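So this block is entry34.txt, compact mmCIF, C-alpha atoms and all ligand atoms:
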```txt
# COMPACT_ATOMS: atom_id res chain seq x y z
CA MET A 1 -6.67 -19.89 14.93
CA LYS A 2 -5.43 -16.30 14.61
CA LYS A 3 -7.53 -14.55 11.98
CA ILE A 4 -5.61 -12.55 9.41
CA GLU A 5 -6.76 -8.96 8.88
CA LEU A 6 -8.23 -8.13 5.49
CA LEU A 7 -7.10 -4.61 4.55
CA ALA A 8 -8.83 -2.76 1.73
CA PRO A 9 -8.13 0.43 -0.21
CA ALA A 10 -10.50 3.37 0.10
CA GLY A 11 -10.18 6.04 -2.60
CA ASP A 12 -13.13 8.05 -1.30
CA LEU A 13 -15.82 7.94 1.36
CA GLU A 14 -18.27 5.90 -0.67
CA LYS A 15 -15.66 3.26 -1.53
CA LEU A 16 -14.63 3.16 2.12
CA LYS A 17 -18.18 2.41 3.19
CA TYR A 18 -18.54 -0.40 0.68
CA ALA A 19 -15.14 -1.86 1.62
CA ILE A 20 -16.34 -2.12 5.24
CA ILE A 21 -19.85 -3.34 4.36
CA TYR A 22 -18.40 -6.03 2.06
CA GLY A 23 -16.07 -7.41 4.73
CA ALA A 24 -12.81 -5.49 5.19
CA ASP A 25 -11.36 -5.53 8.72
CA ALA A 26 -9.50 -2.31 8.05
CA VAL A 27 -9.10 0.32 5.34
CA TYR A 28 -6.19 2.47 4.25
CA LEU A 29 -6.51 5.85 2.60
CA ALA A 30 -4.86 9.19 2.06
CA GLY A 31 -5.75 12.72 2.97
CA GLN A 32 -5.32 15.31 0.25
CA SER A 33 -1.55 15.49 0.73
CA PHE A 34 1.36 13.33 1.90
CA GLY A 35 -0.15 10.04 0.67
CA MET A 36 0.54 8.11 -2.52
CA ARG A 37 -2.19 7.78 -5.20
CA LYS A 38 -2.97 11.27 -6.36
CA ALA A 39 -5.41 9.87 -8.93
CA SER A 40 -7.87 8.80 -6.25
CA LYS A 41 -10.09 11.56 -4.90
CA ASN A 42 -8.67 11.25 -1.40
CA PHE A 43 -10.23 12.77 1.71
CA ASN A 44 -10.52 16.32 3.02
CA GLU A 45 -10.60 16.95 6.78
CA ASP A 46 -14.37 16.62 7.19
CA GLU A 47 -14.38 13.45 5.14
CA LEU A 48 -11.51 12.05 7.21
CA LYS A 49 -13.54 12.65 10.39
CA GLU A 50 -16.58 10.99 8.86
CA ALA A 51 -14.42 8.09 7.66
CA VAL A 52 -13.00 7.49 11.15
CA ASN A 53 -16.48 7.61 12.70
CA PHE A 54 -17.95 5.24 10.14
CA VAL A 55 -15.12 2.71 10.41
CA HIS A 56 -15.10 2.76 14.21
CA SER A 57 -18.87 2.45 14.39
CA HIS A 58 -18.35 -0.91 12.64
CA GLN A 59 -15.49 -1.83 15.05
CA LYS A 60 -12.99 -1.79 12.17
CA LYS A 61 -9.71 0.06 11.74
CA ILE A 62 -8.50 2.95 9.60
CA TYR A 63 -4.91 3.65 8.53
CA ILE A 64 -3.77 6.85 6.83
CA THR A 65 -0.92 6.94 4.30
CA LEU A 66 1.88 9.48 4.67
CA ASN A 67 4.13 7.47 2.41
CA ILE A 68 5.41 9.82 -0.24
CA ILE A 69 9.18 10.15 -0.69
CA PRO A 70 9.20 13.80 0.33
CA HIS A 71 11.29 16.74 -0.79
CA ASN A 72 11.81 19.71 1.56
CA ASP A 73 8.69 21.53 0.37
CA ASP A 74 6.56 18.48 0.98
CA LEU A 75 7.15 18.77 4.73
CA ASP A 76 5.24 22.07 5.04
CA GLY A 77 2.16 21.56 7.18
CA LEU A 78 2.94 17.96 7.98
CA GLU A 79 3.18 18.42 11.74
CA GLU A 80 -0.26 20.04 11.99
CA TYR A 81 -1.69 17.35 9.75
CA VAL A 82 -0.28 14.56 11.95
CA GLU A 83 -1.72 16.29 15.03
CA PHE A 84 -5.10 16.47 13.30
CA LEU A 85 -5.04 12.77 12.35
CA ILE A 86 -4.14 11.70 15.88
CA ASP A 87 -6.82 14.01 17.23
CA ILE A 88 -9.59 12.45 15.16
CA GLY A 89 -8.54 8.97 16.29
CA VAL A 90 -7.05 7.18 13.27
CA ASP A 91 -5.64 3.78 14.19
CA ALA A 92 -2.27 4.03 12.47
CA LEU A 93 -0.17 6.10 10.10
CA ILE A 94 1.70 4.55 7.17
CA VAL A 95 5.12 6.07 6.45
CA SER A 96 8.10 5.18 4.33
CA ASP A 97 10.51 8.06 4.92
CA PRO A 98 12.60 8.23 8.14
CA GLY A 99 12.21 12.03 8.21
CA ILE A 100 8.43 11.81 8.18
CA TYR A 101 8.62 9.02 10.77
CA SER A 102 10.73 11.11 13.16
CA LEU A 103 8.35 14.03 12.70
CA VAL A 104 5.40 11.75 13.54
CA ARG A 105 7.23 10.55 16.66
CA SER A 106 7.97 14.14 17.71
CA VAL A 107 4.21 14.67 17.76
CA SER A 108 3.28 11.39 19.49
CA ASP A 109 5.14 8.48 21.12
CA ASP A 110 2.01 6.36 21.04
CA ILE A 111 0.45 6.54 17.61
CA GLU A 112 0.83 3.22 15.84
CA VAL A 113 3.03 3.52 12.76
CA HIS A 114 3.25 1.10 9.85
CA LEU A 115 6.24 1.06 7.54
CA SER A 116 5.10 1.37 3.92
CA THR A 117 6.03 -1.05 1.18
CA GLN A 118 7.78 2.00 -0.36
CA ALA A 119 10.56 1.35 2.19
CA SER A 120 11.32 -1.92 0.32
CA VAL A 121 11.85 -4.11 3.39
CA THR A 122 13.13 -7.49 2.20
CA ASN A 123 14.89 -9.10 5.20
CA TYR A 124 14.54 -9.70 8.94
CA GLN A 125 17.52 -7.51 9.95
CA THR A 126 15.77 -4.51 8.46
CA VAL A 127 12.56 -5.52 10.24
CA LYS A 128 14.49 -5.75 13.55
CA PHE A 129 15.96 -2.30 12.91
CA TRP A 130 12.54 -0.76 12.36
CA GLU A 131 11.13 -2.56 15.39
CA LYS A 132 13.82 -0.94 17.56
CA MET A 133 12.77 2.38 16.07
CA GLY A 134 9.20 1.83 17.30
CA ILE A 135 7.48 0.60 14.15
CA LYS A 136 4.54 -1.69 14.96
CA ARG A 137 3.92 -3.15 11.52
CA THR A 138 5.99 -3.65 8.39
CA ILE A 139 4.34 -3.80 4.99
CA LEU A 140 6.81 -6.07 3.28
CA ALA A 141 8.17 -5.47 -0.20
CA ARG A 142 6.15 -7.26 -2.87
CA GLU A 143 9.35 -8.90 -4.05
CA LEU A 144 9.47 -11.62 -1.35
CA SER A 145 8.71 -15.34 -1.48
CA LEU A 146 6.43 -17.10 1.00
CA GLU A 147 9.51 -18.80 2.47
CA GLU A 148 11.28 -15.48 3.04
CA ILE A 149 8.15 -14.00 4.65
CA LYS A 150 7.83 -17.01 6.95
CA GLN A 151 11.46 -16.69 7.99
CA ILE A 152 11.04 -12.99 8.75
CA LYS A 153 8.04 -13.79 10.97
CA GLU A 154 10.00 -16.49 12.79
CA GLU A 155 12.94 -14.12 13.37
CA VAL A 156 10.81 -11.14 14.46
CA PRO A 157 7.51 -12.57 15.75
CA SER A 158 6.59 -9.39 17.61
CA MET A 159 6.48 -7.31 14.41
CA ASP A 160 3.12 -7.31 12.62
CA LEU A 161 3.64 -8.18 8.96
CA GLU A 162 1.40 -7.07 6.11
CA VAL A 163 1.66 -8.35 2.53
CA PHE A 164 0.04 -7.29 -0.72
CA VAL A 165 -2.06 -10.16 -2.10
CA HIS A 166 -4.11 -8.61 -4.88
CA GLY A 167 -3.77 -5.87 -7.47
CA ALA A 168 -1.48 -4.21 -9.97
CA MET A 169 2.26 -4.86 -9.79
CA CYS A 170 5.06 -2.36 -10.27
CA ILE A 171 7.74 -3.56 -12.62
CA SER A 172 10.34 -1.93 -10.37
CA TYR A 173 10.66 -2.21 -6.58
CA SER A 174 7.29 -0.72 -5.68
CA GLY A 175 7.22 2.89 -6.76
CA ARG A 176 11.03 3.23 -6.84
CA CYS A 177 11.09 4.15 -10.46
CA LEU A 178 11.54 7.30 -12.50
CA LEU A 179 9.91 6.19 -15.75
CA SER A 180 6.74 8.15 -15.05
CA ASN A 181 8.66 11.22 -13.79
CA TYR A 182 10.88 11.20 -16.85
CA MET A 183 8.20 10.69 -19.47
CA THR A 184 5.33 12.73 -18.03
CA GLY A 185 6.65 14.76 -15.12
CA ARG A 186 4.29 12.82 -12.86
CA ASP A 187 6.17 11.62 -9.78
CA SER A 188 5.54 7.99 -8.90
CA ASN A 189 7.10 8.59 -5.51
CA ARG A 190 4.55 11.23 -4.70
CA GLY A 191 1.60 9.09 -5.66
CA ASP A 192 1.17 10.28 -9.22
CA CYS A 193 2.46 7.42 -11.37
CA ALA A 194 1.22 7.41 -14.99
CA GLN A 195 2.01 3.67 -15.26
CA ALA A 196 4.45 4.39 -18.07
CA CYS A 197 5.76 0.85 -17.69
CA ARG A 198 2.57 -0.40 -19.35
CA TRP A 199 2.88 1.67 -22.50
CA LYS A 200 3.66 0.17 -25.87
CA TYR A 201 7.29 0.78 -26.76
CA HIS A 202 8.94 0.89 -30.19
CA LEU A 203 12.43 1.65 -31.43
CA VAL A 204 12.94 4.68 -33.73
CA GLU A 205 16.17 5.47 -35.60
CA GLU A 206 16.91 9.20 -35.37
CA LYS A 207 16.92 9.83 -39.15
CA ARG A 208 13.74 7.85 -39.74
CA PRO A 209 11.10 9.62 -37.63
CA GLY A 210 7.75 7.90 -37.83
CA GLU A 211 9.25 4.50 -38.61
CA TYR A 212 8.52 2.39 -35.58
CA PHE A 213 10.42 -0.83 -35.19
CA PRO A 214 8.74 -3.23 -32.79
CA ILE A 215 10.65 -4.27 -29.71
CA GLU A 216 10.04 -7.96 -29.30
CA GLU A 217 11.41 -10.28 -26.71
CA ASP A 218 9.87 -13.06 -28.75
CA ASP A 219 7.06 -13.45 -31.27
CA LYS A 220 4.47 -12.55 -28.62
CA GLY A 221 5.07 -8.86 -28.68
CA THR A 222 6.15 -5.53 -27.38
CA PHE A 223 4.92 -4.86 -23.88
CA ILE A 224 8.32 -5.18 -22.33
CA TYR A 225 7.49 -3.97 -18.80
CA ASN A 226 3.85 -5.03 -18.56
CA SER A 227 3.20 -7.25 -15.51
CA LYS A 228 0.12 -9.35 -14.93
CA ASP A 229 -1.84 -8.42 -11.80
CA LEU A 230 -1.27 -10.15 -8.48
CA CYS A 231 -3.97 -12.55 -7.22
CA MET A 232 -3.58 -14.92 -4.26
CA ILE A 233 -7.21 -15.97 -3.72
CA ASN A 234 -6.29 -19.61 -4.46
CA HIS A 235 -3.47 -19.58 -1.90
CA ILE A 236 -5.04 -18.45 1.37
CA PRO A 237 -3.70 -21.52 3.29
CA GLU A 238 -0.10 -20.80 2.20
CA LEU A 239 -0.51 -17.17 3.30
CA PHE A 240 -1.80 -18.25 6.74
CA ASP A 241 1.15 -20.62 6.99
CA THR A 242 3.64 -17.72 6.81
CA GLY A 243 2.21 -16.21 10.01
CA VAL A 244 1.51 -12.79 8.45
CA ASP A 245 -1.00 -10.53 10.20
CA SER A 246 -2.62 -8.63 7.36
CA LEU A 247 -3.51 -9.25 3.71
CA LYS A 248 -3.62 -6.07 1.68
CA LEU A 249 -5.60 -5.36 -1.47
CA GLU A 250 -4.25 -2.73 -3.84
CA GLY A 251 -6.48 -0.26 -5.69
CA ARG A 252 -7.32 3.15 -4.26
CA VAL A 253 -8.19 4.43 -7.75
CA LYS A 254 -10.47 1.48 -8.50
CA THR A 255 -14.27 1.71 -8.44
CA LEU A 256 -16.66 1.00 -5.59
CA TYR A 257 -17.77 -2.12 -7.51
CA TYR A 258 -14.18 -3.34 -7.80
CA VAL A 259 -13.47 -2.79 -4.10
CA ALA A 260 -16.68 -4.47 -2.93
CA THR A 261 -16.22 -7.47 -5.25
CA VAL A 262 -12.58 -8.14 -4.42
CA VAL A 263 -13.03 -7.53 -0.67
CA ARG A 264 -16.00 -9.90 -0.60
CA SER A 265 -14.08 -12.72 -2.31
CA TYR A 266 -11.12 -12.46 0.06
CA ARG A 267 -13.45 -12.13 3.06
CA LEU A 268 -15.25 -15.35 2.10
CA ALA A 269 -11.92 -17.10 1.43
CA ILE A 270 -10.39 -16.10 4.78
CA ASP A 271 -13.55 -17.02 6.72
CA ALA A 272 -13.79 -20.37 4.93
CA TYR A 273 -10.16 -21.14 5.77
CA CYS A 274 -10.75 -20.32 9.45
CA GLU A 275 -13.85 -22.54 9.47
CA GLY A 276 -12.02 -25.40 7.72
CA THR A 277 -14.14 -25.21 4.56
CA PHE A 278 -11.64 -23.60 2.16
CA ASN A 279 -10.98 -25.80 -0.87
CA GLU A 280 -10.04 -25.47 -4.53
CA LYS A 281 -13.64 -25.44 -5.72
CA LEU A 282 -14.51 -22.52 -3.45
CA ALA A 283 -11.30 -20.68 -4.38
CA ASN A 284 -12.13 -21.01 -8.09
CA GLU A 285 -15.69 -19.79 -7.51
CA LEU A 286 -14.32 -16.74 -5.70
CA LEU A 287 -11.75 -16.20 -8.44
CA ASN A 288 -14.59 -16.22 -10.98
CA GLU A 289 -16.32 -13.52 -8.96
CA ILE A 290 -13.15 -11.42 -9.00
CA LYS A 291 -13.01 -11.84 -12.78
CA LYS A 292 -16.37 -10.09 -12.99
CA VAL A 293 -14.65 -6.77 -12.33
CA SER A 294 -12.31 -5.39 -14.97
CA HIS A 295 -8.99 -7.12 -14.55
CA ARG A 296 -5.80 -8.23 -16.24
CA ASP A 297 -4.58 -11.81 -16.31
CA PHE A 298 -3.23 -12.89 -12.95
CA THR A 299 0.10 -13.92 -11.47
CA THR A 300 1.21 -15.00 -8.00
CA GLY A 301 4.07 -12.49 -8.21
CA PHE A 302 7.15 -13.42 -6.17
CA PHE A 303 5.38 -15.65 -3.63
CA PHE A 304 6.32 -19.00 -5.21
CA LYS A 305 9.16 -18.13 -7.61
CA LYS A 306 10.81 -15.19 -9.31
CA PRO A 307 8.45 -13.96 -12.04
CA ASP A 308 9.41 -14.97 -15.58
CA GLU A 309 7.98 -14.47 -19.07
CA ASN A 310 4.74 -16.18 -18.01
CA ASP A 311 4.05 -13.39 -15.52
CA GLN A 312 4.18 -10.70 -18.19
CA LEU A 313 1.47 -9.56 -20.60
CA TYR A 314 2.60 -9.23 -24.20
CA THR A 315 -0.42 -8.23 -26.20
CA SER A 316 -2.19 -5.47 -24.31
CA SER A 317 -2.06 -3.48 -21.10
CA SER A 318 -5.80 -2.86 -21.07
CA TYR A 319 -8.25 -4.52 -18.76
CA ILE A 320 -10.58 -7.43 -19.51
CA ARG A 321 -14.18 -6.35 -18.83
CA ASN A 322 -17.03 -8.84 -19.06
CA TYR A 323 -19.49 -7.11 -16.73
CA ASP A 324 -20.69 -3.54 -16.18
CA PHE A 325 -21.63 -2.25 -12.75
CA VAL A 326 -25.14 -0.84 -13.25
CA GLY A 327 -26.81 -0.19 -9.91
CA ILE A 328 -26.98 -0.13 -6.13
CA VAL A 329 -30.03 -1.33 -4.19
CA LEU A 330 -31.21 1.43 -1.87
CA ASP A 331 -34.28 -0.30 -0.49
CA TYR A 332 -36.59 -3.29 -0.89
CA ASP A 333 -40.18 -3.52 0.27
CA ASP A 334 -41.04 -7.12 1.21
CA GLU A 335 -44.78 -6.60 0.83
CA SER A 336 -44.94 -4.84 -2.53
CA LYS A 337 -41.68 -6.50 -3.76
CA ILE A 338 -40.59 -3.12 -5.09
CA ALA A 339 -36.86 -2.47 -5.17
CA THR A 340 -35.49 1.07 -5.19
CA ILE A 341 -32.25 1.24 -7.14
CA GLU A 342 -29.64 3.91 -7.87
CA GLN A 343 -28.41 3.68 -11.45
CA ARG A 344 -24.65 3.52 -12.01
CA ASN A 345 -24.65 2.69 -15.73
CA ARG A 346 -27.40 2.54 -18.35
CA ILE A 347 -29.98 -0.15 -17.60
CA PHE A 348 -32.55 -1.39 -20.13
CA SER A 349 -35.65 -3.52 -19.61
CA GLY A 350 -34.65 -6.99 -20.74
CA ASP A 351 -31.01 -6.68 -19.57
CA LYS A 352 -29.56 -9.87 -18.10
CA LEU A 353 -28.35 -8.89 -14.65
CA GLU A 354 -26.84 -10.34 -11.49
CA VAL A 355 -27.33 -8.97 -7.99
CA PHE A 356 -25.13 -9.79 -5.03
CA GLY A 357 -24.45 -8.67 -1.48
CA PRO A 358 -21.66 -9.31 1.00
CA GLU A 359 -22.66 -12.97 1.43
CA LYS A 360 -21.69 -15.82 -0.89
CA GLY A 361 -23.58 -16.33 -4.15
CA PHE A 362 -25.54 -14.10 -6.50
CA LYS A 363 -28.94 -14.07 -8.16
CA GLU A 364 -29.47 -13.83 -11.92
CA PHE A 365 -32.50 -11.99 -13.20
CA THR A 366 -33.85 -10.09 -16.18
CA MET A 367 -34.77 -6.46 -15.67
CA GLY A 368 -38.51 -5.89 -16.06
CA LYS A 369 -40.43 -2.61 -16.23
CA MET A 370 -38.76 0.35 -14.55
CA ILE A 371 -40.35 3.47 -13.06
CA ASN A 372 -38.04 6.45 -13.23
CA SER A 373 -37.72 9.42 -10.88
CA ASP A 374 -40.48 11.25 -12.83
CA ASN A 375 -42.82 8.33 -12.09
CA GLU A 376 -42.87 7.23 -15.74
CA ILE A 377 -42.63 3.64 -16.95
CA VAL A 378 -39.44 3.54 -19.02
CA GLU A 379 -37.45 1.05 -21.12
CA VAL A 380 -34.13 2.58 -20.11
CA VAL A 381 -32.72 4.53 -17.18
CA PRO A 382 -30.01 6.62 -18.80
CA ARG A 383 -29.16 9.31 -16.24
CA ALA A 384 -26.19 8.68 -13.90
CA LYS A 385 -27.27 8.04 -10.31
CA GLU A 386 -30.97 8.34 -11.18
CA VAL A 387 -33.12 6.54 -8.63
CA PHE A 388 -35.74 4.21 -10.08
CA LYS A 389 -38.06 1.44 -8.96
CA THR A 390 -38.75 -2.03 -10.26
CA LYS A 391 -40.54 -5.15 -9.08
CA LEU A 392 -38.33 -8.10 -8.09
CA ASP A 393 -39.93 -11.41 -7.12
CA PHE A 394 -37.02 -12.24 -4.83
CA PRO A 395 -35.73 -10.23 -1.86
CA VAL A 396 -32.72 -7.95 -2.13
CA LYS A 397 -31.07 -5.78 0.49
CA LYS A 398 -29.85 -2.22 0.83
CA ASN A 399 -26.26 -1.96 -0.52
CA ASP A 400 -26.58 -5.01 -2.77
CA LEU A 401 -24.85 -4.35 -6.09
CA ILE A 402 -26.15 -5.07 -9.59
CA ARG A 403 -23.97 -6.00 -12.57
CA LYS A 404 -24.78 -6.53 -16.22
CA ILE A 405 -23.31 -9.31 -18.32
CA ILE A 406 -21.76 -7.71 -21.42
CA ILE A 407 -19.68 -10.67 -22.71
CA GLU A 408 -20.73 -14.26 -21.96
S1 LIG B 1 5.89 3.42 -14.11
FE1 LIG B 1 5.39 1.30 -13.62
S2 LIG B 1 7.19 0.49 -12.58
FE2 LIG B 1 7.36 2.74 -12.54
S3 LIG B 1 6.43 3.32 -10.57
FE3 LIG B 1 4.82 3.41 -12.12
S4 LIG B 1 3.79 1.37 -12.01
FE4 LIG B 1 5.81 1.21 -10.99
```

Output the file's structure as structure tokens, nothing else.
Ligand code: SF4
Amino acid sequence: MKKIELLAPAGDLEKLKYAIIYGADAVYLAGQSFGMRKASKNFNEDELKEAVNFVHSHQKKIYITLNIIPHNDDLDGLEEYVEFLIDIGVDALIVSDPGIYSLVRSVSDDIEVHLSTQASVTNYQTVKFWEKMGIKRTILARELSLEEIKQIKEEVPSMDLEVFVHGAMCISYSGRCLLSNYMTGRDSNRGDCAQACRWKYHLVEEKRPGEYFPIEEDDKGTFIYNSKDLCMINHIPELFDTGVDSLKLEGRVKTLYYVATVVRSYRLAIDAYCEGTFNEKLANELLNEIKKVSHRDFTTGFFFKKPDENDQLYTSSSYIRNYDFVGIVLDYDDESKIATIEQRNRIFSGDKLEVFGPEKGFKEFTMGKMINSDNEIVEVVPRAKEVFKTKLDFPVKKNDLIRKIIIE
């Protein structure tokens, strides 16, 4: 069986490393210009080189986004940047604009190019067009059903197809929206969306400033453009059935903990499907893991039907958070049973915690005595990224992550 690629976001070098360690086959990221997602830290040239080396040392792939919708000024320096990216050995460039694409091709005939979801490809004729132009992979618009995706693959089998399967949804055709530009000056088509669609809207009559009339589609509320987040962990078989080549996770501004957790669940789901062990029980277990990072309620987007009122959130646009990410295991000594941990959120002796690695399952435990970086026994480790030690009577591994239950 052909294995589908699992493609993860990487907002910075640390997140990239955890995406790979927790099971991504490939990562996508932006340099400090030309890519969407200004809110993520993005990579400078040295970091890009390190990223390529790290990913390739794990025999995985790295794709760089150049998918803004550019104005004239945005093109300054692009050619040199493309030359640099090809030089350091990235595996593909992601573009949406034909001008950027032709500039990339003027630099190299060979570099693999993926067409961004920003190009809103929704049918096989468009895919055929882009194939003739030399595009290797199309990242389909999020607004397609499984049936439509399957038909596109049947019509253009030689084109690699990538689909978004997890993460936040745009209420417009991905990124093709001026709400954020209009209300904040932040350009969603240059990676700087303020997610204005998720704000709470009211109606105000011009002579009654301060009197806010609720906008209500029904008695549930006022969040008129507020989509649930996409999640397809329960539908891995249906995704395989379409013949797509890559499953993409959204979230370059999300945390390391988010990326590792979501990547791990999809990794385990894909592997289980390939081994013939994927079933509803496993899918629900993996969904529960995903719910341990901050999340909204979930939808299957356009895959099965056009979204309706059940795919919207009416009461809040904020995230549900039941767990805090509190630490990373740096080392474990089998003889002394001492774990060395880097703090990522305040940890107290007596906290109920869970530790997990890239494999399936997790271990619950209660934090005992901790020895801080000044070699003192402490009840709390309050300083961000402080390294401390504690005794654990079960083995853990470097890069395991620790979370704290805050709401049971
Ligand atoms: S404001 Fe909302 S719909 Fe518009 S681009 Fe941003 S996320 Fe998409």

(message) Counting all atoms listed in the file, which residue out of A:Ile152, A:Leu13, A:Ile171, A:Ile62 sits closest to ligand LIG 1 (chain B)?
(response)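 So, comparing all the options, the nearest one is A:Ile171.
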
(message) For a quick check of understanding, using all atoms listed in the file, which of A:Glu79, A:Glu206, A:Asp91, A:Glu131 has the smallest distance to Glu155 of chain A?
(response) A:Glu131

Per-residue nearest contacts chain A to ligand LIG 1 (chain B), cut-off 12 Å, using all atoms listed in the file, as JSON lines:
```
{"residue": "A:Met36", "atom": "CA", "partner": "B:LIG1", "partner_atom": "S3", "distance": 11.1}
{"residue": "A:Arg37", "atom": "CA", "partner": "B:LIG1", "partner_atom": "FE3", "distance": 10.8}
{"residue": "A:Gln118", "atom": "CA", "partner": "B:LIG1", "partner_atom": "S3", "distance": 10.4}
{"residue": "A:Arg142", "atom": "CA", "partner": "B:LIG1", "partner_atom": "FE4", "distance": 11.7}
{"residue": "A:Gly167", "atom": "CA", "partner": "B:LIG1", "partner_atom": "S4", "distance": 11.4}
{"residue": "A:Ala168", "atom": "CA", "partner": "B:LIG1", "partner_atom": "S4", "distance": 7.9}
{"residue": "A:Met169", "atom": "CA", "partner": "B:LIG1", "partner_atom": "S4", "distance": 6.8}
{"residue": "A:Cys170", "atom": "CA", "partner": "B:LIG1", "partner_atom": "FE4", "distance": 3.7}
{"residue": "A:Ile171", "atom": "CA", "partner": "B:LIG1", "partner_atom": "S2", "distance": 4.1}
{"residue": "A:Ser172", "atom": "CA", "partner": "B:LIG1", "partner_atom": "S2", "distance": 4.5}
{"residue": "A:Tyr173", "atom": "CA", "partner": "B:LIG1", "partner_atom": "FE4", "distance": 7.4}
{"residue": "A:Ser174", "atom": "CA", "partner": "B:LIG1", "partner_atom": "FE4", "distance": 5.8}
{"residue": "A:Gly175", "atom": "CA", "partner": "B:LIG1", "partner_atom": "S3", "distance": 3.9}
{"residue": "A:Arg176", "atom": "CA", "partner": "B:LIG1", "partner_atom": "S3", "distance": 5.9}
{"residue": "A:Cys177", "atom": "CA", "partner": "B:LIG1", "partner_atom": "FE2", "distance": 4.5}
{"residue": "A:Leu178", "atom": "CA", "partner": "B:LIG1", "partner_atom": "FE2", "distance": 6.2}
{"residue": "A:Leu179", "atom": "CA", "partner": "B:LIG1", "partner_atom": "S1", "distance": 5.2}
{"residue": "A:Ser180", "atom": "CA", "partner": "B:LIG1", "partner_atom": "S1", "distance": 4.9}
{"residue": "A:Asn181", "atom": "CA", "partner": "B:LIG1", "partner_atom": "S1", "distance": 8.3}
{"residue": "A:Tyr182", "atom": "CA", "partner": "B:LIG1", "partner_atom": "S1", "distance": 9.6}
{"residue": "A:Met183", "atom": "CA", "partner": "B:LIG1", "partner_atom": "S1", "distance": 9.3}
{"residue": "A:Thr184", "atom": "CA", "partner": "B:LIG1", "partner_atom": "S1", "distance": 10.1}
{"residue": "A:Gly185", "atom": "CA", "partner": "B:LIG1", "partner_atom": "S1", "distance": 11.4}
{"residue": "A:Arg186", "atom": "CA", "partner": "B:LIG1", "partner_atom": "FE3", "distance": 9.5}
{"residue": "A:Asp187", "atom": "CA", "partner": "B:LIG1", "partner_atom": "S3", "distance": 8.3}
{"residue": "A:Ser188", "atom": "CA", "partner": "B:LIG1", "partner_atom": "S3", "distance": 5.0}
{"residue": "A:Asn189", "atom": "CA", "partner": "B:LIG1", "partner_atom": "S3", "distance": 7.3}
{"residue": "A:Arg190", "atom": "CA", "partner": "B:LIG1", "partner_atom": "S3", "distance": 10.0}
{"residue": "A:Gly191", "atom": "CA", "partner": "B:LIG1", "partner_atom": "S3", "distance": 9.0}
{"residue": "A:Asp192", "atom": "CA", "partner": "B:LIG1", "partner_atom": "FE3", "distance": 8.3}
{"residue": "A:Cys193", "atom": "CA", "partner": "B:LIG1", "partner_atom": "FE3", "distance": 4.7}
{"residue": "A:Ala194", "atom": "CA", "partner": "B:LIG1", "partner_atom": "FE3", "distance": 6.1}
{"residue": "A:Gln195", "atom": "CA", "partner": "B:LIG1", "partner_atom": "S1", "distance": 4.1}
{"residue": "A:Ala196", "atom": "CA", "partner": "B:LIG1", "partner_atom": "S1", "distance": 4.3}
{"residue": "A:Cys197", "atom": "CA", "partner": "B:LIG1", "partner_atom": "FE1", "distance": 4.1}
{"residue": "A:Arg198", "atom": "CA", "partner": "B:LIG1", "partner_atom": "FE1", "distance": 6.6}
{"residue": "A:Trp199", "atom": "CA", "partner": "B:LIG1", "partner_atom": "S1", "distance": 9.1}
{"residue": "A:Phe223", "atom": "CA", "partner": "B:LIG1", "partner_atom": "FE1", "distance": 12.0}
{"residue": "A:Ile224", "atom": "CA", "partner": "B:LIG1", "partner_atom": "FE1", "distance": 11.2}
{"residue": "A:Tyr225", "atom": "CA", "partner": "B:LIG1", "partner_atom": "S2", "distance": 7.7}
{"residue": "A:Asn226", "atom": "CA", "partner": "B:LIG1", "partner_atom": "FE1", "distance": 8.2}
{"residue": "A:Ser227", "atom": "CA", "partner": "B:LIG1", "partner_atom": "FE1", "distance": 9.0}
{"residue": "A:Lys228", "atom": "CA", "partner": "B:LIG1", "partner_atom": "S4", "distance": 11.7}
{"residue": "A:Asp229", "atom": "CA", "partner": "B:LIG1", "partner_atom": "S4", "distance": 11.3}
{"residue": "A:Ser317", "atom": "CA", "partner": "B:LIG1", "partner_atom": "FE1", "distance": 11.6}
```

(message) Report, in Å to a single decimal, how far apart atom CA of Glu250 of chain A and atom CA of Thr126 of chain A are.
(response)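 According to the coordinates, atom CA of Thr126 of chain A and atom CA of Glu250 of chain A are separated by 23.6 Å.
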
(request) Point out the residue among A:Arg383, A:Lys404, A:His235, A:Arg296 with the least atom-to-atom distance to Ser318 of chain A, counting all atoms listed in the file. (result) A:Arg296

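Distance annotation: of A:Leu256, A:Ile406, A:Ile371, A:Ile20, the residue with the minimal separation from Phe54 of chain A is A:Ile20; atom set is only C-alpha atoms.
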
(request) Counting only C-alpha atoms, note down every residue that has an atom within 9 Å of the point (-21.2, 3.9, -13.7) (file coordinates), as a ChimeraX atom specification. (result) /A:255,324-327,343-346,384-385

(request) Give as a count of residues only every residue, naming chains and numbers as the document does, that has an atom within 12 Å of (-14.2, 11.4, 5.7), counting all atoms listed in the file. (result) 32

(request) Can you work out which one of A:Ser96, A:Lys306, A:Lys281, A:Leu103 has the shortest atom-to-atom distance to Asp76 of chain A, counting only C-alpha atoms? (result) A:Leu103

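Picture a line from atom CA of Gly276 of chain A to atom CA of Glu154 of chain A; it runs 24.3 Å.
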
Centre and edge lengths, as lines of an AutoDock Vina configuration file, for the axis-aligned box enclosing every listed atom of segment 237-243 of chain A with 5 Å of padding on each of the six sides, in Å to one decimal?
```
center_x = 0.0
center_y = -18.9
center_z = 6.1
size_x = 17.3
size_y = 15.3
size_z = 17.8
```
